[in-house]
$ cat entry.cif   # mmCIF, C-alpha atoms
data_upload
#
loop_
_atom_site.group_PDB
_atom_site.id
_atom_site.type_symbol
_atom_site.label_atom_id
_atom_site.label_comp_id
_atom_site.auth_asym_id
_atom_site.auth_seq_id
_atom_site.Cartn_x
_atom_site.Cartn_y
_atom_site.Cartn_z
ATOM 1 C CA MET A 1251 11.345 -19.441 4.553
ATOM 2 C CA GLU A 1252 10.057 -19.706 8.123
ATOM 3 C CA TRP A 1253 8.224 -16.639 9.394
ATOM 4 C CA THR A 1254 8.098 -15.907 13.123
ATOM 5 C CA GLY A 1255 5.433 -13.818 14.792
ATOM 6 C CA PHE A 1256 5.849 -10.614 16.752
ATOM 7 C CA THR A 1257 3.580 -8.058 18.420
ATOM 8 C CA THR A 1258 3.911 -4.582 19.805
ATOM 9 C CA HIS A 1259 4.461 -4.551 23.558
ATOM 10 C CA ASP A 1260 3.542 -1.038 24.640
ATOM 11 C CA ASP A 1261 0.302 0.492 25.912
ATOM 12 C CA GLY A 1262 -1.087 1.203 22.431
ATOM 13 C CA PRO A 1263 -3.454 -0.956 20.387
ATOM 14 C CA LEU A 1264 -1.998 -4.361 19.589
ATOM 15 C CA ILE A 1265 -0.242 -4.648 16.235
ATOM 16 C CA ALA A 1266 0.801 -8.131 15.123
ATOM 17 C CA GLY A 1267 3.005 -9.259 12.275
ATOM 18 C CA ARG A 1268 5.662 -11.675 11.082
ATOM 19 C CA ARG A 1269 9.374 -11.525 10.272
ATOM 20 C CA ALA A 1270 11.901 -13.637 8.362
ATOM 21 C CA GLY A 1271 15.104 -13.469 6.356
ATOM 22 C CA THR A 1272 18.529 -11.892 6.613
ATOM 23 C CA GLY A 1273 20.018 -8.795 5.038
ATOM 24 C CA PRO A 1274 18.869 -5.178 4.978
ATOM 25 C CA ARG A 1275 15.971 -4.540 7.328
ATOM 26 C CA VAL A 1276 12.729 -3.936 5.423
ATOM 27 C CA LEU A 1277 9.340 -3.002 6.842
ATOM 28 C CA LEU A 1278 6.594 -3.939 4.365
ATOM 29 C CA LEU A 1279 3.324 -1.970 4.394
ATOM 30 C CA HIS A 1280 0.183 -3.322 2.736
ATOM 31 C CA GLY A 1281 -2.430 -1.334 0.850
ATOM 32 C CA GLY A 1282 -6.134 -0.885 1.284
ATOM 33 C CA PRO A 1283 -6.506 0.989 3.516
ATOM 34 C CA GLY A 1284 -9.018 -1.608 4.743
ATOM 35 C CA LEU A 1285 -7.471 -4.742 3.249
ATOM 36 C CA GLY A 1286 -5.885 -7.614 5.082
ATOM 37 C CA PHE A 1287 -2.180 -8.168 4.494
ATOM 38 C CA ASP A 1288 -2.678 -11.554 2.796
ATOM 39 C CA TYR A 1289 -2.720 -10.271 -0.790
ATOM 40 C CA LEU A 1290 0.878 -9.072 -0.329
ATOM 41 C CA ARG A 1291 2.317 -12.400 0.823
ATOM 42 C CA ASP A 1292 3.860 -13.215 -2.563
ATOM 43 C CA LEU A 1293 5.777 -9.936 -2.518
ATOM 44 C CA ALA A 1294 6.913 -10.656 1.032
ATOM 45 C CA GLU A 1295 8.204 -14.049 -0.114
ATOM 46 C CA GLU A 1296 10.024 -12.365 -3.008
ATOM 47 C CA LEU A 1297 11.695 -9.724 -0.845
ATOM 48 C CA VAL A 1298 12.679 -12.084 1.957
ATOM 49 C CA GLN A 1299 15.121 -13.903 -0.332
ATOM 50 C CA GLU A 1300 17.592 -11.023 0.076
ATOM 51 C CA ASN A 1301 16.326 -9.042 3.063
ATOM 52 C CA ASP A 1302 15.275 -9.187 6.691
ATOM 53 C CA VAL A 1303 11.577 -8.517 6.114
ATOM 54 C CA ALA A 1304 8.890 -7.673 8.662
ATOM 55 C CA TRP A 1305 5.245 -7.096 7.832
ATOM 56 C CA TYR A 1306 2.229 -6.440 10.006
ATOM 57 C CA GLN A 1307 -1.529 -6.263 9.791
ATOM 58 C CA GLN A 1308 -2.622 -2.646 10.044
ATOM 59 C CA ARG A 1309 -5.178 -1.906 12.745
ATOM 60 C CA GLY A 1310 -8.756 -2.731 11.846
ATOM 61 C CA GLN A 1311 -8.349 -6.472 11.295
ATOM 62 C CA GLU A 1312 -7.203 -9.380 13.432
ATOM 63 C CA PRO A 1313 -4.691 -10.417 14.631
ATOM 64 C CA SER A 1314 -4.051 -6.698 15.214
ATOM 65 C CA ALA A 1315 -6.453 -4.502 17.168
ATOM 66 C CA VAL A 1316 -9.814 -4.150 15.456
ATOM 67 C CA GLY A 1317 -10.731 -0.760 16.910
ATOM 68 C CA GLY A 1318 -9.675 2.700 15.760
ATOM 69 C CA PRO A 1319 -8.942 5.483 15.596
ATOM 70 C CA TYR A 1320 -8.460 5.036 11.857
ATOM 71 C CA THR A 1321 -6.336 7.988 10.811
ATOM 72 C CA VAL A 1322 -3.135 8.619 8.896
ATOM 73 C CA ALA A 1323 -1.473 9.855 12.087
ATOM 74 C CA ALA A 1324 -2.397 6.670 13.955
ATOM 75 C CA ASP A 1325 -1.088 4.486 11.123
ATOM 76 C CA ALA A 1326 2.204 6.389 10.958
ATOM 77 C CA GLU A 1327 2.602 6.039 14.710
ATOM 78 C CA ASP A 1328 1.867 2.314 14.429
ATOM 79 C CA ALA A 1329 4.809 2.016 12.022
ATOM 80 C CA ARG A 1330 7.039 3.606 14.652
ATOM 81 C CA ARG A 1331 5.700 1.247 17.310
ATOM 82 C CA VAL A 1332 6.396 -1.754 15.090
ATOM 83 C CA LEU A 1333 9.994 -0.616 14.552
ATOM 84 C CA ASP A 1334 10.321 -0.345 18.334
ATOM 85 C CA ALA A 1335 8.842 -3.819 18.829
ATOM 86 C CA LEU A 1336 11.329 -5.253 16.341
ATOM 87 C CA GLY A 1337 14.213 -3.445 18.002
ATOM 88 C CA TRP A 1338 15.058 -1.757 14.709
ATOM 89 C CA GLU A 1339 16.602 1.661 15.124
ATOM 90 C CA LYS A 1340 16.416 2.169 11.361
ATOM 91 C CA ALA A 1341 14.949 0.294 8.396
ATOM 92 C CA TYR A 1342 13.906 0.595 4.778
ATOM 93 C CA VAL A 1343 10.159 0.933 4.289
ATOM 94 C CA VAL A 1344 8.464 -0.631 1.268
ATOM 95 C CA GLY A 1345 4.772 0.034 0.723
ATOM 96 C CA HIS A 1346 2.230 -0.833 -1.942
ATOM 97 C CA SER A 1347 -0.696 1.391 -3.018
ATOM 98 C CA TRP A 1348 -2.041 2.986 0.182
ATOM 99 C CA GLY A 1349 0.988 1.452 1.905
ATOM 100 C CA GLY A 1350 3.298 3.319 -0.478
ATOM 101 C CA HIS A 1351 1.452 6.531 0.318
ATOM 102 C CA LEU A 1352 1.786 5.775 4.035
ATOM 103 C CA ALA A 1353 5.515 5.168 3.569
ATOM 104 C CA VAL A 1354 5.906 8.745 2.312
ATOM 105 C CA HIS A 1355 4.059 9.993 5.397
ATOM 106 C CA VAL A 1356 6.442 7.950 7.534
ATOM 107 C CA ALA A 1357 9.417 9.500 5.726
ATOM 108 C CA GLU A 1358 8.137 12.944 6.674
ATOM 109 C CA ALA A 1359 7.148 12.055 10.231
ATOM 110 C CA MET A 1360 10.190 10.064 11.381
ATOM 111 C CA PRO A 1361 13.163 10.388 8.999
ATOM 112 C CA GLU A 1362 15.512 9.465 11.831
ATOM 113 C CA ARG A 1363 14.103 5.907 11.777
ATOM 114 C CA LEU A 1364 14.404 5.323 8.029
ATOM 115 C CA LEU A 1365 17.182 4.207 5.700
ATOM 116 C CA GLY A 1366 15.009 4.757 2.633
ATOM 117 C CA VAL A 1367 11.554 4.347 1.104
ATOM 118 C CA LEU A 1368 10.303 2.342 -1.871
ATOM 119 C CA ALA A 1369 6.727 3.155 -2.917
ATOM 120 C CA VAL A 1370 5.145 0.574 -5.227
ATOM 121 C CA ASP A 1371 2.335 1.948 -7.417
ATOM 122 C CA PRO A 1372 1.283 4.312 -4.620
ATOM 123 C CA LEU A 1373 -1.662 6.606 -4.179
ATOM 124 C CA GLY A 1374 -0.721 10.140 -5.199
ATOM 125 C CA SER A 1375 0.720 12.683 -2.763
ATOM 126 C CA VAL A 1376 0.217 15.917 -4.705
ATOM 127 C CA GLY A 1377 -2.947 17.924 -5.268
ATOM 128 C CA ASP A 1378 -5.953 15.592 -5.204
ATOM 129 C CA GLY A 1379 -3.660 12.569 -5.292
ATOM 130 C CA ARG A 1380 -4.844 11.778 -8.836
ATOM 131 C CA TRP A 1381 -7.730 9.890 -7.239
ATOM 132 C CA PRO A 1382 -10.350 11.076 -9.759
ATOM 133 C CA GLU A 1383 -8.143 9.847 -12.618
ATOM 134 C CA PHE A 1384 -7.635 6.509 -10.889
ATOM 135 C CA ASP A 1385 -11.369 6.062 -10.312
ATOM 136 C CA GLU A 1386 -12.175 6.983 -13.911
ATOM 137 C CA GLU A 1387 -9.696 4.447 -15.253
ATOM 138 C CA ILE A 1388 -10.808 1.663 -12.924
ATOM 139 C CA PHE A 1389 -14.421 2.014 -14.020
ATOM 140 C CA ARG A 1390 -13.472 2.451 -17.686
ATOM 141 C CA ARG A 1391 -11.759 -0.959 -17.494
ATOM 142 C CA THR A 1392 -14.679 -2.583 -15.667
ATOM 143 C CA PRO A 1393 -17.113 -4.433 -17.970
ATOM 144 C CA GLU A 1394 -20.110 -2.319 -18.904
ATOM 145 C CA ASP A 1395 -22.640 -4.848 -17.632
ATOM 146 C CA VAL A 1396 -21.354 -4.536 -14.040
ATOM 147 C CA ARG A 1397 -19.980 -0.991 -14.142
ATOM 148 C CA GLU A 1398 -23.066 0.660 -12.663
ATOM 149 C CA ARG A 1399 -23.170 -1.819 -9.785
ATOM 150 C CA ALA A 1400 -19.448 -1.297 -9.156
ATOM 151 C CA ARG A 1401 -19.929 2.472 -8.977
ATOM 152 C CA GLU A 1402 -22.911 2.058 -6.657
ATOM 153 C CA LEU A 1403 -20.927 -0.134 -4.262
ATOM 154 C CA ASP A 1404 -17.961 2.234 -4.362
ATOM 155 C CA GLU A 1405 -20.184 5.173 -3.424
ATOM 156 C CA LEU A 1406 -21.737 3.179 -0.581
ATOM 157 C CA SER A 1407 -18.288 2.218 0.697
ATOM 158 C CA MET A 1408 -16.995 5.786 0.588
ATOM 159 C CA ALA A 1409 -20.094 6.930 2.500
ATOM 160 C CA GLY A 1410 -19.602 4.256 5.149
ATOM 161 C CA LYS A 1411 -22.858 2.533 4.153
ATOM 162 C CA ALA A 1412 -21.384 -0.748 2.876
ATOM 163 C CA ASP A 1413 -20.652 -3.688 5.144
ATOM 164 C CA ASP A 1414 -17.697 -5.994 4.583
ATOM 165 C CA GLU A 1415 -19.701 -8.289 2.307
ATOM 166 C CA LEU A 1416 -20.761 -5.459 -0.006
ATOM 167 C CA ALA A 1417 -17.219 -4.068 -0.015
ATOM 168 C CA LEU A 1418 -15.922 -7.458 -1.117
ATOM 169 C CA GLU A 1419 -18.547 -7.625 -3.858
ATOM 170 C CA GLY A 1420 -17.368 -4.269 -5.119
ATOM 171 C CA MET A 1421 -13.737 -5.352 -5.086
ATOM 172 C CA ARG A 1422 -14.610 -8.532 -6.966
ATOM 173 C CA LEU A 1423 -16.270 -6.521 -9.744
ATOM 174 C CA VAL A 1424 -13.281 -4.212 -10.293
ATOM 175 C CA TRP A 1425 -10.503 -6.693 -9.498
ATOM 176 C CA PRO A 1426 -9.564 -7.412 -13.155
ATOM 177 C CA ALA A 1427 -9.239 -3.663 -13.823
ATOM 178 C CA TYR A 1428 -6.126 -3.502 -11.642
ATOM 179 C CA PHE A 1429 -4.195 -5.626 -14.117
ATOM 180 C CA ALA A 1430 -2.515 -4.753 -17.394
ATOM 181 C CA ASP A 1431 -4.871 -7.035 -19.320
ATOM 182 C CA PRO A 1432 -8.182 -7.189 -17.442
ATOM 183 C CA GLU A 1433 -9.562 -9.943 -19.665
ATOM 184 C CA HIS A 1434 -6.757 -12.262 -18.549
ATOM 185 C CA ALA A 1435 -6.450 -11.149 -14.927
ATOM 186 C CA PRO A 1436 -5.874 -13.873 -12.336
ATOM 187 C CA PRO A 1437 -8.823 -14.760 -10.098
ATOM 188 C CA MET A 1438 -9.227 -12.601 -7.033
ATOM 189 C CA PRO A 1439 -7.697 -14.332 -4.011
ATOM 190 C CA GLU A 1440 -9.499 -14.597 -0.702
ATOM 191 C CA LEU A 1441 -9.403 -11.028 0.547
ATOM 192 C CA ARG A 1442 -10.430 -9.554 3.874
ATOM 193 C CA ILE A 1443 -11.841 -6.044 3.916
ATOM 194 C CA ALA A 1444 -12.611 -3.921 6.978
ATOM 195 C CA SER A 1445 -15.190 -1.590 5.455
ATOM 196 C CA ALA A 1446 -15.445 0.592 8.577
ATOM 197 C CA ARG A 1447 -11.720 1.277 8.503
ATOM 198 C CA SER A 1448 -11.816 2.130 4.789
ATOM 199 C CA ALA A 1449 -14.680 4.567 5.240
ATOM 200 C CA GLU A 1450 -12.892 6.409 8.065
ATOM 201 C CA MET A 1451 -9.442 6.348 6.515
ATOM 202 C CA VAL A 1452 -10.333 7.936 3.174
ATOM 203 C CA PRO A 1453 -11.360 11.327 4.635
ATOM 204 C CA SER A 1454 -8.228 11.313 6.795
ATOM 205 C CA ILE A 1455 -5.992 10.566 3.810
ATOM 206 C CA GLN A 1456 -7.610 13.345 1.801
ATOM 207 C CA ALA A 1457 -7.389 15.836 4.667
ATOM 208 C CA GLU A 1458 -3.663 15.173 5.068
ATOM 209 C CA LEU A 1459 -2.812 15.641 1.377
ATOM 210 C CA PRO A 1460 -1.904 19.370 1.545
ATOM 211 C CA ALA A 1461 0.496 18.858 4.467
ATOM 212 C CA LEU A 1462 1.985 15.777 2.828
ATOM 213 C CA GLU A 1463 2.640 17.651 -0.414
ATOM 214 C CA ALA A 1464 4.142 20.606 1.450
ATOM 215 C CA GLY A 1465 6.608 18.319 3.221
ATOM 216 C CA LEU A 1466 7.885 16.446 0.159
ATOM 217 C CA PRO A 1467 10.797 18.872 -0.569
ATOM 218 C CA GLN A 1468 12.059 18.404 2.998
ATOM 219 C CA ILE A 1469 12.437 14.607 2.729
ATOM 220 C CA ARG A 1470 16.111 13.716 2.895
ATOM 221 C CA VAL A 1471 16.085 9.914 3.016
ATOM 222 C CA PRO A 1472 16.530 8.055 -0.293
ATOM 223 C CA VAL A 1473 13.172 7.498 -2.026
ATOM 224 C CA GLY A 1474 12.320 5.374 -5.039
ATOM 225 C CA PHE A 1475 9.060 4.654 -6.833
ATOM 226 C CA VAL A 1476 8.116 1.560 -8.865
ATOM 227 C CA HIS A 1477 5.099 1.951 -11.128
ATOM 228 C CA GLY A 1478 3.386 -0.368 -13.574
ATOM 229 C CA SER A 1479 3.223 1.068 -17.087
ATOM 230 C CA ARG A 1480 -0.314 -0.296 -17.501
ATOM 231 C CA SER A 1481 -1.595 0.322 -13.996
ATOM 232 C CA PRO A 1482 -4.918 2.108 -13.514
ATOM 233 C CA MET A 1483 -3.050 4.274 -11.011
ATOM 234 C CA PRO A 1484 -1.756 7.221 -13.064
ATOM 235 C CA LEU A 1485 2.018 7.258 -13.455
ATOM 236 C CA ALA A 1486 1.871 10.878 -12.316
ATOM 237 C CA ALA A 1487 0.874 9.628 -8.856
ATOM 238 C CA SER A 1488 4.526 8.591 -8.563
ATOM 239 C CA THR A 1489 6.235 11.232 -10.707
ATOM 240 C CA ASP A 1490 4.394 14.160 -9.065
ATOM 241 C CA ALA A 1491 5.929 13.186 -5.721
ATOM 242 C CA ALA A 1492 9.328 12.182 -7.107
ATOM 243 C CA ASP A 1493 9.698 15.575 -8.804
ATOM 244 C CA ARG A 1494 9.405 17.237 -5.390
ATOM 245 C CA ILE A 1495 11.576 14.900 -3.316
ATOM 246 C CA PRO A 1496 15.312 15.624 -3.618
ATOM 247 C CA GLY A 1497 17.094 12.774 -5.380
ATOM 248 C CA ALA A 1498 13.982 10.602 -5.791
ATOM 249 C CA TRP A 1499 13.695 8.290 -8.802
ATOM 250 C CA VAL A 1500 10.951 6.398 -10.614
ATOM 251 C CA GLU A 1501 11.198 3.023 -12.330
ATOM 252 C CA VAL A 1502 8.401 2.213 -14.772
ATOM 253 C CA VAL A 1503 7.837 -1.517 -15.167
ATOM 254 C CA GLU A 1504 6.674 -2.204 -18.704
ATOM 255 C CA GLY A 1505 3.606 -4.397 -19.046
ATOM 256 C CA ALA A 1506 2.739 -4.390 -15.349
ATOM 257 C CA GLY A 1507 -0.458 -3.276 -13.681
ATOM 258 C CA HIS A 1508 -1.106 -2.198 -10.105
ATOM 259 C CA PHE A 1509 0.161 -5.443 -8.563
ATOM 260 C CA VAL A 1510 3.609 -5.069 -10.099
ATOM 261 C CA TRP A 1511 5.180 -8.187 -8.543
ATOM 262 C CA VAL A 1512 2.419 -10.414 -9.980
ATOM 263 C CA GLU A 1513 2.934 -9.412 -13.617
ATOM 264 C CA ALA A 1514 6.654 -8.647 -13.362
ATOM 265 C CA PRO A 1515 8.215 -10.976 -10.758
ATOM 266 C CA GLY A 1516 11.529 -9.651 -9.512
ATOM 267 C CA ALA A 1517 10.927 -6.026 -10.522
ATOM 268 C CA VAL A 1518 10.255 -4.817 -6.988
ATOM 269 C CA SER A 1519 13.229 -6.765 -5.638
ATOM 270 C CA ALA A 1520 15.465 -5.177 -8.262
ATOM 271 C CA ALA A 1521 14.248 -1.690 -7.331
ATOM 272 C CA LEU A 1522 14.793 -2.406 -3.646
ATOM 273 C CA ARG A 1523 18.298 -3.629 -4.477
ATOM 274 C CA ARG A 1524 18.947 -0.297 -6.181
ATOM 275 C CA LEU A 1525 17.688 1.542 -3.097
ATOM 276 C CA THR A 1526 19.722 -0.467 -0.583
ATOM 277 C CA ALA A 1527 22.868 -0.338 -2.735
ATOM 278 C CA GLY A 1528 22.585 3.427 -2.848
#
$ encode --input "entry.cif" --output "structure tokens"
Amino acid sequence: MEWTGFTTHDDGPLIAGRRAGTGPRVLLLHGGPGLGFDYLRDLAEELVQENDVAWYQQRGQEPSAVGGPYTVAADAEDARRVLDALGWEKAYVVGHSWGGHLAVHVAEAMPERLLGVLAVDPLGSVGDGRWPEFDEEIFRRTPEDVRERARELDELSMAGKADDELALEGMRLVWPAYFADPEHAPPMPELRIASARSAEMVPSIQAELPALEAGLPQIRVPVGFVHGSRSPMPLAASTDAADRIPGAWVEVVEGAGHFVWVEAPGAVSAALRRLTAG
């Protein structure tokens, strides 16, 4: 499939992405919040077989604008600006991890621009977002001989004291823990991490949690969740939100970890098919 580039064309910070395919219009949001989009390319290639898919690099890394502000509000507005740049009045939004969490924010902020939302193994939207449970499980799965170093690097990153190289080292140590079977996890691909963006985004995400939770019962667009049964992200991160969103549903993918499409190819496409058919 041939992907063509696009950029925003307003007065805001430049956002750049790519688009391909035919079918229902789907905006794909990557996780992080400081990661580059590249890790999600295989999912983009899966979804583009049946959909008109557009993805973009969130601000903080090239080819999009590198500078901030790095806030939830800015990221939600960037999603609107991308829809405008594409000329899409409405679209489905699919997001993974932080991107799935962002998709729920987008559903609250601009329901008039959405046909539906599919959140794939997202960060939680209720209470503390289940973040402490996620952290505990990630480190429990991390080998004991590197666990202390992984915790140290995580604390430095959260405090904004880790550069990109240290952030990558930390990700490399915990990478296997994201999978259903850490001992047989695939090698970590070449990732890009904007540590400054991550450090600024986390407090913003946490600060917005009460308002996000309060708005869940008012969401009226169709919403689905796909969650790996063996993901370190607690299943309740999806079910807590789904229980509060009218008509929302959750599909649990048996034997899959956090990167559902890697361990269960086709599962996300099938869930999106359910959403678009509805």
$ closest_residue --input "entry.cif" --among "A:Val1276, A:Ala1335, A:Glu1415, A:Met1251" --to "Ile1443 (chain A)" --atoms "all atoms listed in the file"
A:Glu1415
$ atom_distance --input "entry.cif" --atom1 "CA of Trp1381 (chain A)" --atom2 "CA of Val1512 (chain A)"
22.9 Å
$ residues_near_point --input "entry.cif" --point "(-8.8, -7.3, 6.0)" --cutoff "8 Å" --atoms "all atoms listed in the file" --output "ChimeraX atom specification"
/A:1284-1287,1310-1312,1441-1444
$ residues_near_point --input "entry.cif" --point "(1.0, 2.2, 22.2)" --cutoff "10 Å" --atoms "all atoms listed in the file" --output "PyMOL selection string"
chain A and resi 1258-1265+1324+1327-1328+1330-1332
$ closest_residue --input "entry.cif" --among "A:Ser1407, A:Gln1468, A:Thr1254, A:Thr1392" --to "Leu1423 (chain A)" --atoms "all atoms listed in the file"
A:Thr1392
$ resolve_selection --input "entry.cif" --expression "the PyMOL selection byres ((chain A and resi 1300) around 7)" --output "count of residues only"
6
$ atom_distance --input "entry.cif" --atom1 "CA of Pro1319 (chain A)" --atom2 "CA of Gly1267 (chain A)"
19.3 Å
$ atom_distance --input "entry.cif" --atom1 "CA of Arg1399 (chain A)" --atom2 "CA of Gln1456 (chain A)"
24.6 Å
$ residues_around --input "entry.cif" --residues "Lys1340 (chain A)" --least-positions-apart "4" --cutoff "8 Å" --atoms "only C-alpha atoms" --output "compact mmCIF listing (two decimals) with C-alpha atoms, in the frame of the given file"
# COMPACT_ATOMS: atom_id res chain seq x y z
CA ARG A 1275 15.97 -4.54 7.33
CA LEU A 1333 9.99 -0.62 14.55
CA GLU A 1362 15.51 9.46 11.83
CA ARG A 1363 14.10 5.91 11.78
CA LEU A 1364 14.40 5.32 8.03
CA LEU A 1365 17.18 4.21 5.70
$ resolve_selection --input "entry.cif" --expression "the PyMOL selection byres ((chain A and resi 1439) around 12)" --output "mmCIF file with C-alpha atoms, keeping the file's coordinate frame"
data_model
loop_
_atom_site.group_PDB
_atom_site.id
_atom_site.type_symbol
_atom_site.label_atom_id
_atom_site.label_comp_id
_atom_site.auth_asym_id
_atom_site.auth_seq_id
_atom_site.Cartn_x
_atom_site.Cartn_y
_atom_site.Cartn_z
ATOM 1 C CA GLY A 1286 -5.885 -7.614 5.082
ATOM 2 C CA PHE A 1287 -2.180 -8.168 4.494
ATOM 3 C CA ASP A 1288 -2.678 -11.554 2.796
ATOM 4 C CA TYR A 1289 -2.720 -10.271 -0.790
ATOM 5 C CA LEU A 1290 0.878 -9.072 -0.329
ATOM 6 C CA ARG A 1291 2.317 -12.400 0.823
ATOM 7 C CA ASP A 1292 3.860 -13.215 -2.563
ATOM 8 C CA LEU A 1418 -15.922 -7.458 -1.117
ATOM 9 C CA MET A 1421 -13.737 -5.352 -5.086
ATOM 10 C CA ARG A 1422 -14.610 -8.532 -6.966
ATOM 11 C CA TRP A 1425 -10.503 -6.693 -9.498
ATOM 12 C CA PRO A 1426 -9.564 -7.412 -13.155
ATOM 13 C CA ALA A 1435 -6.450 -11.149 -14.927
ATOM 14 C CA PRO A 1436 -5.874 -13.873 -12.336
ATOM 15 C CA PRO A 1437 -8.823 -14.760 -10.098
ATOM 16 C CA MET A 1438 -9.227 -12.601 -7.033
ATOM 17 C CA GLU A 1440 -9.499 -14.597 -0.702
ATOM 18 C CA LEU A 1441 -9.403 -11.028 0.547
ATOM 19 C CA ARG A 1442 -10.430 -9.554 3.874
#
$ resolve_selection --input "entry.cif" --expression "the PyMOL selection byres ((chain A and resi 1460) around 10)" --output "MDAnalysis selection string"
chainID A and resid 1375:1379 1455:1459 1461:1465
$ closest_atom_pairs --input "entry.cif" --of "region 1290-1366 of chain A" --to "region 1469-1485 of chain A" --cutoff "9 Å" --atoms "only C-alpha atoms" --output "tab-separated table"
residue	atom	partner	partner_atom	distance
A:Ser1347	CA	A:Met1483	CA	8.8
A:Gly1350	CA	A:Phe1475	CA	8.7
A:Val1354	CA	A:Val1473	CA	8.6
A:Ala1357	CA	A:Ile1469	CA	6.6
A:Glu1358	CA	A:Ile1469	CA	6.1
A:Pro1361	CA	A:Val1471	CA	6.7
A:Glu1362	CA	A:Val1471	CA	8.8
A:Leu1364	CA	A:Val1471	CA	7.0
A:Leu1365	CA	A:Val1471	CA	6.4
A:Gly1366	CA	A:Pro1472	CA	4.7
$ residues_around --input "entry.cif" --residues "Arg1397 (chain A)" --least-positions-apart "4" --cutoff "10 Å" --atoms "all atoms listed in the file" --output "PDB file with C-alpha atoms, in the coordinates of the input"
ATOM      1  CA  ILE A1388     -10.808   1.663 -12.924  1.00  0.00           C
ATOM      2  CA  PHE A1389     -14.421   2.014 -14.020  1.00  0.00           C
ATOM      3  CA  ARG A1390     -13.472   2.451 -17.686  1.00  0.00           C
ATOM      4  CA  ARG A1391     -11.759  -0.959 -17.494  1.00  0.00           C
ATOM      5  CA  THR A1392     -14.679  -2.583 -15.667  1.00  0.00           C
ATOM      6  CA  PRO A1393     -17.113  -4.433 -17.970  1.00  0.00           C
ATOM      7  CA  ARG A1401     -19.929   2.472  -8.977  1.00  0.00           C
ATOM      8  CA  GLU A1402     -22.911   2.058  -6.657  1.00  0.00           C
ATOM      9  CA  LEU A1403     -20.927  -0.134  -4.262  1.00  0.00           C
ATOM     10  CA  GLY A1420     -17.368  -4.269  -5.119  1.00  0.00           C
ATOM     11  CA  LEU A1423     -16.270  -6.521  -9.744  1.00  0.00           C
ATOM     12  CA  VAL A1424     -13.281  -4.212 -10.293  1.00  0.00           C
TER      13      VAL A1424
END
$ closest_residue --input "entry.cif" --among "A:Gly1271, A:Pro1372, A:Pro1453, A:Gly1507" --to "Ala1492 (chain A)" --atoms "only C-alpha atoms"
A:Pro1372
$ residues_around --input "entry.cif" --residues "Ala1446 (chain A)" --least-positions-apart "5" --cutoff "9 Å" --atoms "all atoms listed in the file" --output "JSON, numbers by chain"
{"A": [1284, 1310, 1320, 1407, 1410, 1411, 1412, 1413, 1414, 1451]}
$ closest_residue --input "entry.cif" --among "A:Val1316, A:Leu1368, A:Ala1514, A:Ala1326" --to "His1355 (chain A)" --atoms "all atoms listed in the file"
A:Ala1326
$ closest_residue --input "entry.cif" --among "A:Val1518, A:Leu1373, A:Val1510, A:Ala1527" --to "Pro1283 (chain A)" --atoms "all atoms listed in the file"
A:Leu1373
$ closest_residue --input "entry.cif" --among "A:Ala1369, A:Ala1266, A:Val1396, A:Ala1427" --to "Gly1345 (chain A)" --atoms "all atoms listed in the file"
A:Ala1369
